[in-house]
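Visitor: Provided herewith: query.pdb, PDB, C-alpha atoms.
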```pdb
ATOM      1  CA  MET A   1      -0.840  95.753  -5.442
ATOM      2  CA  SER A   2       1.578  98.268  -3.953
ATOM      3  CA  PRO A   3       0.864  99.773  -0.509
ATOM      4  CA  GLU A   4       0.374 103.129  -2.192
ATOM      5  CA  ALA A   5      -2.165 101.682  -4.612
ATOM      6  CA  ALA A   6      -3.976  99.955  -1.775
ATOM      7  CA  MET A   7      -4.319 103.261   0.045
ATOM      8  CA  ILE A   8      -5.535 105.267  -2.906
ATOM      9  CA  ASP A   9      -9.194 104.728  -2.162
ATOM     10  CA  GLU A  10      -9.006 105.672   1.498
ATOM     11  CA  PRO A  11     -11.872 108.072   2.257
ATOM     12  CA  LEU A  12     -10.681 111.645   2.387
ATOM     13  CA  GLU A  13     -11.569 113.905   5.279
ATOM     14  CA  LEU A  14     -11.555 117.677   5.514
ATOM     15  CA  GLU A  15     -10.878 119.487   8.764
ATOM     16  CA  LEU A  16     -12.679 122.569   7.422
ATOM     17  CA  ASP A  17     -15.193 123.028   4.615
ATOM     18  CA  PRO A  18     -13.678 124.456   1.401
ATOM     19  CA  GLU A  19     -15.899 127.520   1.700
ATOM     20  CA  VAL A  20     -14.539 128.183   5.187
ATOM     21  CA  GLN A  21     -10.960 127.798   3.938
ATOM     22  CA  HIS A  22     -11.666 130.266   1.146
ATOM     23  CA  GLU A  23     -13.238 132.784   3.505
ATOM     24  CA  LEU A  24     -10.332 132.472   5.934
ATOM     25  CA  SER A  25      -7.865 133.220   3.137
ATOM     26  CA  GLN A  26      -9.229 136.764   3.245
ATOM     27  CA  HIS A  27      -8.375 137.110   6.955
ATOM     28  CA  ARG A  28      -4.718 136.058   6.991
ATOM     29  CA  GLY A  29      -2.949 137.131  10.173
ATOM     30  CA  LYS A  30      -6.232 137.566  12.070
ATOM     31  CA  TRP A  31      -7.603 135.528  14.957
ATOM     32  CA  VAL A  32     -10.822 133.719  14.089
ATOM     33  CA  ALA A  33     -13.494 131.737  15.868
ATOM     34  CA  LEU A  34     -15.180 129.139  13.705
ATOM     35  CA  THR A  35     -17.009 125.895  13.379
ATOM     36  CA  ARG A  36     -16.067 123.365  10.707
ATOM     37  CA  SER A  37     -18.681 124.874   8.421
ATOM     38  CA  GLU A  38     -18.824 128.567   9.374
ATOM     39  CA  VAL A  39     -16.588 131.496  10.281
ATOM     40  CA  VAL A  40     -18.197 132.940  13.411
ATOM     41  CA  ALA A  41     -15.940 135.895  14.280
ATOM     42  CA  VAL A  42     -12.792 137.642  13.053
ATOM     43  CA  GLY A  43     -10.600 139.964  15.133
ATOM     44  CA  ASP A  44      -7.212 140.942  16.475
ATOM     45  CA  SER A  45      -7.252 138.883  19.679
ATOM     46  CA  VAL A  46      -8.554 135.611  21.101
ATOM     47  CA  ALA A  47     -10.566 137.500  23.727
ATOM     48  CA  GLU A  48     -12.293 139.570  21.031
ATOM     49  CA  VAL A  49     -13.312 136.647  18.806
ATOM     50  CA  LEU A  50     -14.257 134.456  21.757
ATOM     51  CA  LYS A  51     -16.626 137.123  23.108
ATOM     52  CA  ALA A  52     -18.137 137.667  19.656
ATOM     53  CA  ALA A  53     -18.666 133.926  19.222
ATOM     54  CA  MET A  54     -20.329 133.605  22.622
ATOM     55  CA  ASP A  55     -22.583 136.556  21.768
ATOM     56  CA  LYS A  56     -23.629 134.627  18.648
ATOM     57  CA  GLY A  57     -24.434 131.499  20.634
ATOM     58  CA  VAL A  58     -21.237 129.562  19.863
ATOM     59  CA  PRO A  59     -19.644 129.130  23.313
ATOM     60  CA  SER A  60     -16.867 126.717  22.289
ATOM     61  CA  PRO A  61     -15.639 127.672  18.842
ATOM     62  CA  ILE A  62     -12.490 126.424  17.160
ATOM     63  CA  LEU A  63      -9.826 129.129  17.558
ATOM     64  CA  MET A  64      -6.935 129.891  15.249
ATOM     65  CA  ARG A  65      -4.799 132.636  13.818
ATOM     66  CA  VAL A  66      -5.004 132.343  10.042
ATOM     67  CA  PRO A  67      -1.507 131.667   8.652
ATOM     68  CA  ASN A  68       0.020 134.739   7.153
ATOM     69  CA  SER A  69       3.127 133.239   5.596
ATOM     70  CA  GLU A  70       4.699 130.126   4.187
ATOM     71  CA  PRO A  71       4.825 127.075   6.504
ATOM     72  CA  SER A  72       8.577 127.394   7.092
ATOM     73  CA  ALA A  73       7.920 130.475   9.223
ATOM     74  CA  PHE A  74       6.259 128.217  11.797
ATOM     75  CA  TYR A  75       9.372 126.277  12.736
ATOM     76  CA  TYR A  76      11.029 126.922  16.082
TER      77      TYR A  76
ATOM     78  CA  MET B   1      -7.213 105.763   9.928
ATOM     79  CA  PRO B   2      -8.038 109.377   9.267
ATOM     80  CA  ARG B   3      -6.750 110.517   5.877
ATOM     81  CA  ILE B   4      -6.967 114.263   5.893
ATOM     82  CA  GLN B   5      -6.706 116.696   3.031
ATOM     83  CA  ALA B   6      -4.263 119.561   3.580
ATOM     84  CA  THR B   7      -5.886 122.867   4.451
ATOM     85  CA  ASP B   8      -5.159 125.864   2.245
ATOM     86  CA  PHE B   9      -5.749 129.387   3.502
ATOM     87  CA  GLY B  10      -4.137 130.952   0.442
ATOM     88  CA  ALA B  11      -0.535 130.475   1.618
ATOM     89  CA  GLY B  12      -0.196 126.931   0.279
ATOM     90  CA  PRO B  13      -1.463 123.577   1.606
ATOM     91  CA  MET B  14      -0.655 122.901   5.265
ATOM     92  CA  PRO B  15      -1.331 119.896   7.557
ATOM     93  CA  PHE B  16      -3.788 121.382  10.045
ATOM     94  CA  VAL B  17      -5.984 119.381  12.437
ATOM     95  CA  GLU B  18      -8.432 120.306  15.155
ATOM     96  CA  ILE B  19      -7.291 119.536  18.688
ATOM     97  CA  HIS B  20      -8.903 119.819  22.129
ATOM     98  CA  ILE B  21      -7.007 121.269  25.093
ATOM     99  CA  GLU B  22      -8.437 120.615  28.562
ATOM    100  CA  VAL B  23      -7.272 122.191  31.824
ATOM    101  CA  GLY B  24      -9.481 121.286  34.764
ATOM    102  CA  ALA B  25     -13.026 122.413  34.034
ATOM    103  CA  PHE B  26     -11.944 124.573  31.095
ATOM    104  CA  PHE B  27     -11.295 123.498  27.542
ATOM    105  CA  THR B  28     -10.769 124.971  24.128
ATOM    106  CA  ARG B  29     -10.640 123.789  20.546
ATOM    107  CA  ALA B  30      -7.935 124.951  18.182
ATOM    108  CA  MET B  31      -6.557 124.363  14.718
ATOM    109  CA  ALA B  32      -2.969 123.136  15.081
ATOM    110  CA  LEU B  33      -0.174 122.529  12.591
ATOM    111  CA  VAL B  34       1.310 119.013  12.393
ATOM    112  CA  ASP B  35       4.966 120.071  12.513
ATOM    113  CA  SER B  36       7.806 117.539  12.414
ATOM    114  CA  GLY B  37      10.194 120.451  12.974
ATOM    115  CA  ALA B  38       8.825 121.127  16.461
ATOM    116  CA  ASP B  39      10.425 119.221  19.361
ATOM    117  CA  GLU B  40       7.249 119.162  21.442
ATOM    118  CA  THR B  41       3.694 120.363  21.152
ATOM    119  CA  ILE B  42       3.521 124.042  22.013
ATOM    120  CA  ILE B  43       0.704 126.547  22.038
ATOM    121  CA  PRO B  44       0.852 130.348  21.971
ATOM    122  CA  ALA B  45       0.013 132.169  25.212
ATOM    123  CA  GLU B  46      -2.917 133.772  23.403
ATOM    124  CA  MET B  47      -4.684 130.396  23.605
ATOM    125  CA  LEU B  48      -4.756 130.615  27.419
ATOM    126  CA  VAL B  49      -7.740 132.998  27.394
ATOM    127  CA  PRO B  50     -10.459 130.326  27.143
ATOM    128  CA  LEU B  51      -8.524 128.196  29.652
ATOM    129  CA  ASN B  52      -8.769 130.991  32.248
ATOM    130  CA  LEU B  53      -4.979 131.088  32.692
ATOM    131  CA  ASP B  54      -2.345 133.839  32.666
ATOM    132  CA  PHE B  55       1.074 133.172  31.108
ATOM    133  CA  LYS B  56       3.014 134.842  33.939
ATOM    134  CA  ASP B  57       1.428 132.467  36.470
ATOM    135  CA  LEU B  58       2.627 129.340  34.680
ATOM    136  CA  GLU B  59       5.630 127.233  35.636
ATOM    137  CA  LEU B  60       8.916 127.887  33.844
ATOM    138  CA  VAL B  61      10.466 124.977  31.943
ATOM    139  CA  MET B  62      13.919 124.221  33.386
ATOM    140  CA  ASP B  63      16.756 122.162  31.966
ATOM    141  CA  GLY B  64      18.928 119.745  33.948
ATOM    142  CA  ALA B  65      21.248 122.552  35.026
ATOM    143  CA  GLY B  66      18.403 124.601  36.461
ATOM    144  CA  ALA B  67      18.321 127.144  33.655
ATOM    145  CA  ALA B  68      15.086 128.266  32.043
ATOM    146  CA  VAL B  69      14.451 126.673  28.655
ATOM    147  CA  GLY B  70      13.529 128.974  25.810
ATOM    148  CA  GLY B  71      12.332 128.524  22.273
ATOM    149  CA  MET B  72      13.682 129.744  18.967
ATOM    150  CA  GLY B  73      11.509 130.847  16.089
ATOM    151  CA  ALA B  74      11.709 132.875  12.943
ATOM    152  CA  GLY B  75      11.446 136.036  15.038
ATOM    153  CA  GLY B  76      14.169 135.049  17.539
ATOM    154  CA  GLY B  77      14.158 133.552  21.020
ATOM    155  CA  PHE B  78      11.162 133.461  23.330
ATOM    156  CA  GLU B  79      10.192 132.321  26.831
ATOM    157  CA  ILE B  80       8.475 128.968  27.332
ATOM    158  CA  ARG B  81       6.324 127.869  30.281
ATOM    159  CA  ARG B  82       4.276 124.718  30.889
ATOM    160  CA  ILE B  83       0.868 123.598  32.089
ATOM    161  CA  ASP B  84      -0.689 120.276  32.970
ATOM    162  CA  ALA B  85      -3.304 119.801  30.282
ATOM    163  CA  THR B  86      -4.953 116.970  28.416
ATOM    164  CA  LEU B  87      -4.546 117.238  24.679
ATOM    165  CA  LYS B  88      -6.718 115.228  22.319
ATOM    166  CA  PHE B  89      -6.908 114.660  18.601
ATOM    167  CA  ARG B  90     -10.413 113.334  18.030
ATOM    168  CA  LYS B  91     -10.937 110.489  20.554
ATOM    169  CA  TRP B  92      -7.222 109.993  21.239
ATOM    170  CA  ARG B  93      -5.239 111.583  24.087
ATOM    171  CA  PHE B  94      -1.669 112.348  23.116
ATOM    172  CA  ALA B  95      -0.280 114.557  25.918
ATOM    173  CA  GLU B  96      -0.865 115.375  29.591
ATOM    174  CA  GLU B  97       1.149 118.582  29.589
ATOM    175  CA  VAL B  98       1.914 121.242  27.048
ATOM    176  CA  ARG B  99       4.488 123.974  26.506
ATOM    177  CA  VAL B 100       3.243 127.536  26.173
ATOM    178  CA  ALA B 101       5.145 130.180  24.188
ATOM    179  CA  ALA B 102       5.175 133.820  25.261
ATOM    180  CA  LEU B 103       2.680 136.253  23.767
ATOM    181  CA  GLY B 104       3.412 137.042  20.146
ATOM    182  CA  ALA B 105       6.041 134.314  19.788
ATOM    183  CA  LEU B 106       4.054 131.766  17.786
ATOM    184  CA  PRO B 107       1.346 132.135  15.150
ATOM    185  CA  GLY B 108      -0.526 129.079  16.404
ATOM    186  CA  PRO B 109      -0.260 125.660  18.090
ATOM    187  CA  LEU B 110       2.392 123.270  16.772
ATOM    188  CA  LEU B 111       2.107 119.488  17.190
ATOM    189  CA  GLY B 112       5.622 118.174  17.790
ATOM    190  CA  ARG B 113       7.675 115.000  17.749
ATOM    191  CA  GLN B 114       7.990 114.025  21.420
ATOM    192  CA  ASP B 115       4.251 113.755  22.055
ATOM    193  CA  PHE B 116       2.083 113.957  18.927
ATOM    194  CA  PHE B 117       4.504 112.118  16.638
ATOM    195  CA  ALA B 118       5.142 109.580  19.429
ATOM    196  CA  ALA B 119       1.419 108.852  19.691
ATOM    197  CA  PHE B 120       0.617 108.640  15.985
ATOM    198  CA  THR B 121       2.174 107.337  12.811
ATOM    199  CA  ILE B 122       1.960 110.227  10.406
ATOM    200  CA  ARG B 123       2.372 109.816   6.693
ATOM    201  CA  PHE B 124       2.601 112.856   4.445
ATOM    202  CA  LEU B 125       1.518 112.304   0.840
ATOM    203  CA  TRP B 126       2.547 115.651  -0.530
ATOM    204  CA  HIS B 127       2.937 114.239  -4.074
ATOM    205  CA  ARG B 128      -0.853 114.013  -4.245
ATOM    206  CA  ASP B 129      -2.968 116.815  -5.649
ATOM    207  CA  PRO B 130      -4.279 118.063  -3.303
ATOM    208  CA  PRO B 131      -1.767 116.907  -0.668
ATOM    209  CA  VAL B 132      -3.098 114.583   2.035
ATOM    210  CA  PHE B 133      -1.771 113.065   5.257
ATOM    211  CA  ASP B 134      -2.655 110.007   7.334
ATOM    212  CA  ILE B 135      -2.720 109.991  11.138
ATOM    213  CA  ASP B 136      -2.809 106.526  12.714
ATOM    214  CA  PRO B 137      -2.731 105.985  16.472
ATOM    215  CA  VAL B 138       0.307 103.923  17.467
ATOM    216  CA  ALA B 139      -1.437 101.963  20.205
TER     217      ALA B 139
END
```
What would you get if you wrote out this structure as structure tokens?

Guide:
Amino acid sequence: MSPEAAMIDEPLELELDPEVQHELSQHRGKWVALTRSEVVAVGDSVAEVLKAAMDKGVPSPILMRVPNSEPSAFYY
Amino acid sequence: MPRIQATDFGAGPMPFVEIHIEVGAFFTRAMALVDSGADETIIPAEMLVPLNLDFKDLELVMDGAGAAVGGMGAGGGFEIRRIDATLKFRKWRFAEEVRVAALGALPGPLLGRQDFFAAFTIRFLWHRDPPVFDIDPVA
């Protein structure tokens, strides 16, 4: 059995639920606060989404700016 | 061995993972791009808010000749500073300091070669549908 074939049944993990990924696709370029299963806040700054998340009882959300372009734009 | 499906926000599948950044008593969680094109892990200054830090107060990164080191991105050059911070992917620590890019210079954290790729063996399986990637701790 090839190494590739041996790995084919490795359990697959998702960093974010598909529904969250789909919702985030509508907020490209925005900052968001989220959990793995829910978008908590959307805004134009980290401070804005962090405050909104804390107001909703999520004091330590995952933060990110939703990618707005192809991956090559990330290189530096 | 985590095998992770690429995340797709409508701009194509990308290798994103959640990381933890800890500075003293403060910490934050962020989605970061696994980026073999980045020399080192770097976060945008915007991510300093939950860490209770201000970019202008951070230490400049200097080269051997005493000149400030900068970064280069799609939008041109930008200033880089540094902080002592513990970075974790799940239960694994992979860095004890991190570079910080000036406001507006980066769209999000990048996980680079000299720390993240030195701590993990990363295998991209982009021929799969959907694409997946493996992240195995080296030690």

Visitor: Between A:Glu23, A:Asp17, A:Glu48, A:Asp55, which one has atoms that come closest to Arg36 of chain A, using all atoms listed in the file?

Guide: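 Among the listed residues, A:Asp17 lies closest to Arg36 of chain A.
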
Visitor: Out of B:Val132, B:Ala102, B:Ile122, B:Val23, which residue has the shortest atom-to-atom distance to chain A when counting only C-alpha atoms?

Guide: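 Residue with the minimum atom-to-atom distance to chain A: B:Val132.
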
Visitor: I would like the residues chosen by the PyMOL selection byres ((chain B and resi 131) around 12) on the shown file; could you give them as an MDAnalysis selection string?

Guide: (chainID A and resid 12:14) or (chainID B and resid 3:8 12:16 123:130 132:134)

Visitor: Give me a file of those residues, with C-alpha atoms, as a tab-separated table (two decimals), in the frame of the given file.

Guide:
```
chain	number	residue	atom	x	y	z
A	12	LEU	CA	-10.68	111.64	2.39
A	13	GLU	CA	-11.57	113.90	5.28
A	14	LEU	CA	-11.56	117.68	5.51
B	3	ARG	CA	-6.75	110.52	5.88
B	4	ILE	CA	-6.97	114.26	5.89
B	5	GLN	CA	-6.71	116.70	3.03
B	6	ALA	CA	-4.26	119.56	3.58
B	7	THR	CA	-5.89	122.87	4.45
B	8	ASP	CA	-5.16	125.86	2.24
B	12	GLY	CA	-0.20	126.93	0.28
B	13	PRO	CA	-1.46	123.58	1.61
B	14	MET	CA	-0.66	122.90	5.26
B	15	PRO	CA	-1.33	119.90	7.56
B	16	PHE	CA	-3.79	121.38	10.04
B	123	ARG	CA	2.37	109.82	6.69
B	124	PHE	CA	2.60	112.86	4.44
B	125	LEU	CA	1.52	112.30	0.84
B	126	TRP	CA	2.55	115.65	-0.53
B	127	HIS	CA	2.94	114.24	-4.07
B	128	ARG	CA	-0.85	114.01	-4.24
B	129	ASP	CA	-2.97	116.82	-5.65
B	130	PRO	CA	-4.28	118.06	-3.30
B	132	VAL	CA	-3.10	114.58	2.04
B	133	PHE	CA	-1.77	113.06	5.26
B	134	ASP	CA	-2.66	110.01	7.33
```

Visitor: Excluding Asn52 of chain B and any residue of its chain fewer than 2 positions from it, enumerate the residues within 12 Å of it, using only C-alpha atoms, and give them as number ranges by chain.

Guide: A: 47; B: 22-28, 45-50, 54-55, 57-58

Visitor: At a cut-off of 6 Å, list the chain B residues touching chain A, using only C-alpha atoms, as a compact mmCIF listing (two decimals) with C-alpha atoms, in the coordinates of the input.

Guide:
```txt
# COMPACT_ATOMS: atom_id res chain seq x y z
CA ARG B 3 -6.75 110.52 5.88
CA ILE B 4 -6.97 114.26 5.89
CA GLN B 5 -6.71 116.70 3.03
CA PHE B 9 -5.75 129.39 3.50
CA GLY B 10 -4.14 130.95 0.44
CA ALA B 11 -0.54 130.48 1.62
CA ARG B 29 -10.64 123.79 20.55
CA ALA B 30 -7.94 124.95 18.18
CA MET B 31 -6.56 124.36 14.72
CA GLY B 37 10.19 120.45 12.97
CA MET B 72 13.68 129.74 18.97
CA GLY B 73 11.51 130.85 16.09
CA ALA B 74 11.71 132.88 12.94
```

Visitor: Can you pull out the residues contacting Thr41 of chain B? Cut-off 12 Å, using all atoms listed in the file, and skip same-chain residues under 5 positions away; I want them as an MDAnalysis selection string.

Guide: (chainID A and resid 75:76) or (chainID B and resid 19 21 32:36 71 80 82:83 85:88 94:101 106 108:119)

Visitor: Can you tell me how far atom CA of Met1 of chain B sits from atom CA of Glu38 of chain A, in Å to one decimal?

Guide: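 For atom CA of Met1 of chain B relative to atom CA of Glu38 of chain A, the distance reads 25.6 Å.
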
Visitor: May I have the protein, DNA and RNA residues with any atom at most 6 Å from the point (-0.7, 108.6, 16.1), counting all atoms listed in the file, written as a list in words?

Guide: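 Collected hits near the coordinates: Ala119, Phe120, Thr121, Ile135, Asp136, Pro137 and Val138 of chain B.
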
Visitor: Adding 6 Å on each side of the box along x, y and z that holds all listed atoms of segment 43-57 of chain B, could you give its centre and edge lengths in Å to one decimal, as AutoDock Vina command-line options?

Guide:
```
--center_x -3.7 --center_y 130.7 --center_z 29.2 --size_x 25.5 --size_y 20.3 --size_z 26.5
```

Visitor: Could you jot down the atom CA of Val69 of chain B to atom CA of Ile43 of chain B separation for me, Å, one decimal place?

Guide: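 Separating atom CA of Val69 of chain B from atom CA of Ile43 of chain B is a distance of 15.3 Å.
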
Visitor: Rounded to one decimal, what separation in Å do you get between atom CA of Lys51 of chain A and atom CA of Glu19 of chain A?

Guide: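 It comes out at 23.5 Å.
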
Visitor: Kindly indicate which residue among B:Pro2, B:Leu51, B:Pro44, B:Asp84 lies nearest to Gly104 of chain B, using all atoms listed in the file for the distances.

Guide: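 Between B:Pro2, B:Leu51, B:Pro44, B:Asp84, the residue approaching Gly104 of chain B most closely is B:Pro44.
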